[in-house]
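Structure first, commentary second.
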Amino acid sequence: MAKQEAEPLEDQRHAGIQVIARAAAVMRALGKNPQGLSLAAIAQEVDLPRSTVQRIVSALENEYLIESLGPTGGFRLGPALGQLINQTQTDIITLVKPYLTELSNQLHESVCLSTLAGDKTYVVDRIVAERELRVVFPIGIQVPAYATASGKVLLAEQPTATVRALLPRELPKLTPFTPDLPTLLEQLEQVRRDGLACDLQEHIEGLASFAIGLDTYLGFYSIAIVAPASRARNSEAFYRQALLECRQKVERAIGKAAMGR
């Protein structure tokens, strides 16, 4: 009798594990395709019947882990996932903040730590410079990745095909200096070669930024210096060297050798 009762319990446990595994597979598929996927495309990606995928997607949508793309159809990762990710950033913030502070104090400029959220750069943490003319921006701000140094560093980690799928063919012109897609793709190739990126008034006129990639066991981030363009014009080499040194210090602190990008 006891054996007969144990078998259904084991079956229920196995079924529960299977549901979680399938939900995780659906979310991974959407994570690899930030532009979104249709139900049919998800089903093909995870090799499950469409009806099964529909039930999983519906459950995840109810928890805001997946969201609908609206009338165009399809689904992408939802806002609740971003909130969970943000809550896990505490370790990276605690780790990097002393080095961001040191970098800001060294240059007397604002600096930030960012990650990629879809086609936007998401500011995880920042230090605002204490001086009369400075750049101030809030933690959590999301700005177009294609027009910022941080965004270019983060986009350069993606294959060109992924970048093309992520961004529109016609990039919205934010300033007269905002790159078009062919120019951006050329810039990303340069970033892949030397690991450093710049934004010279491409996002906001009068502002410039310089960024470097930071590969950690907690994920891939960018560290950026954001300054008035009038000061940045003559300081690019200095900023680049400071960013390289900052990355080396952070990677030594987490036991990861500098990658020499």
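Labeling convention for the structure tokens: chains A, B, ... as they appear, residues from 1 per chain, ligands from 1 in order of appearance.
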Task: Residues of segment 5-244 of chain A in strand (DSSP E), written as a PyMOL selection string - done: chain A and resi 66-68+75-77+110-117+120-127+142-144+196-200+207-216+219-228
Task: Near-segment 107-121 of chain A list (7 Å; only C-alpha atoms; drop same-chain fewer than 3 positions) as a PyMOL selection string - done: chain A and resi 34+100+103-104+124-129+134-135+142-145+150-151+154+166-167+220-227
Task: Residue nearest Ala211 of chain A among A:Pro172, A:Gly78, A:Gly195, A:Gly31 (counting only C-alpha atoms) - done: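 The closest residue to Ala211 of chain A is A:Gly195.
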Open item on the list: When you look at Gly206 of chain A with a cut-off of 9 Å (counting only C-alpha atoms), what residues show up, excluding the ones that are within fewer than 6 positions of it in the same chain? I need them as a ChimeraX atom specification.
Closed with: /A:200,227-230
For the residues in that selection, give me C-alpha atoms as a compact mmCIF listing (two decimals), in the first residue's frame.
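Listed below is the output, again.txt:
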```
# COMPACT_ATOMS: atom_id res chain seq x y z
CA LEU A 200 30.46 61.93 -29.08
CA ALA A 227 31.18 64.08 -19.39
CA PRO A 228 30.41 67.38 -21.13
CA ALA A 229 31.67 67.13 -24.71
CA SER A 230 33.64 70.35 -24.26
```
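What separates atom CA of Glu202 of chain A from atom CA of Ile139 of chain A is a distance of 20.4 Å.
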Open item on the list: Report, in Å with one decimal, the straight-line distance from atom CA of Glu102 of chain A to atom CA of Glu236 of chain A.
Closed with: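 Value for the atom CA of Glu102 of chain A-atom CA of Glu236 of chain A distance: 18.1 Å.
The list of residues with at least one atom within 12 Å of Lys32 of chain A, based on only C-alpha atoms and without residues fewer than 2 positions apart in the same chain, reads Ala25, Val26, Met27, Arg28, Ala29, Leu30, Pro34, Gln35, Gly36, Leu37, Ile42, Glu45, Val46, Arg76, Leu77, Gly118, Gln158, Pro159, Ala161, Thr162, Val163, Ala165 and Leu166 of chain A.
Rounded to one decimal, atom CA of Asp194 of chain A and atom CA of Tyr99 of chain A lie 21.4 Å from each other.
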TODO: Please provide the set of residues having any atom within 10 Å of Val191 of chain A, restricted to only C-alpha atoms, with same-chain residues fewer than 6 positions apart removed, written as a ChimeraX atom specification.
DONE: /A:149,152-157,185,197-198,211-213,261
Open item on the list: Among segment 54-121 of chain A, which ones does DSSP assign to alpha helix (DSSP H) (computed from the backbone)? Answer as a ChimeraX atom specification.
Closed with: /A:54-62,79-87,90-107
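Counting only C-alpha atoms, the residue from A:Arg252, A:Arg169, A:Arg247, A:Arg55 that sits nearest to Pro182 of chain A is A:Arg169.
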TODO: Compare A:Ile254, A:Val19, A:Leu39, A:Val123 by their minimum atom-to-atom distance to Ser68 of chain A, counting only C-alpha atoms, and give me the closest one.
DONE: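 Among A:Ile254, A:Val19, A:Leu39, A:Val123, it is A:Leu39 that comes nearest to Ser68 of chain A.
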Open item on the list: I want to know what sits within 7 Å of Val53 of chain A, based on only C-alpha atoms, with residues of the same chain fewer than 4 positions away left out; could you give that as a PyMOL selection string?
Closed with: chain A and resi 39+43+48-49+57
Now that the selection is made, can you save its residues with N, CA, C and O atoms as a PDB file, in the first residue's frame?
```
ATOM      1  N   LEU A  39       4.381  31.919 -30.996  1.00  0.00           N
ATOM      2  CA  LEU A  39       4.198  30.627 -30.332  1.00  0.00           C
ATOM      3  C   LEU A  39       4.784  29.507 -31.171  1.00  0.00           C
ATOM      4  O   LEU A  39       5.437  28.603 -30.643  1.00  0.00           O
ATOM      5  N   ALA A  43       7.756  27.027 -30.057  1.00  0.00           N
ATOM      6  CA  ALA A  43       7.560  25.571 -30.072  1.00  0.00           C
ATOM      7  C   ALA A  43       8.661  24.877 -30.870  1.00  0.00           C
ATOM      8  O   ALA A  43       9.179  23.831 -30.455  1.00  0.00           O
ATOM      9  N   LEU A  48       8.703  21.395 -28.567  1.00  0.00           N
ATOM     10  CA  LEU A  48       7.517  20.979 -27.812  1.00  0.00           C
ATOM     11  C   LEU A  48       6.270  21.274 -28.645  1.00  0.00           C
ATOM     12  O   LEU A  48       6.291  22.158 -29.508  1.00  0.00           O
ATOM     13  N   PRO A  49       5.174  20.559 -28.379  1.00  0.00           N
ATOM     14  CA  PRO A  49       3.928  20.864 -29.094  1.00  0.00           C
ATOM     15  C   PRO A  49       3.484  22.297 -28.826  1.00  0.00           C
ATOM     16  O   PRO A  49       3.668  22.819 -27.721  1.00  0.00           O
ATOM     17  N   VAL A  57       3.412  29.501 -21.763  1.00  0.00           N
ATOM     18  CA  VAL A  57       3.486  30.942 -22.008  1.00  0.00           C
ATOM     19  C   VAL A  57       2.380  31.665 -21.243  1.00  0.00           C
ATOM     20  O   VAL A  57       2.611  32.732 -20.659  1.00  0.00           O
TER      21      VAL A  57
END
```
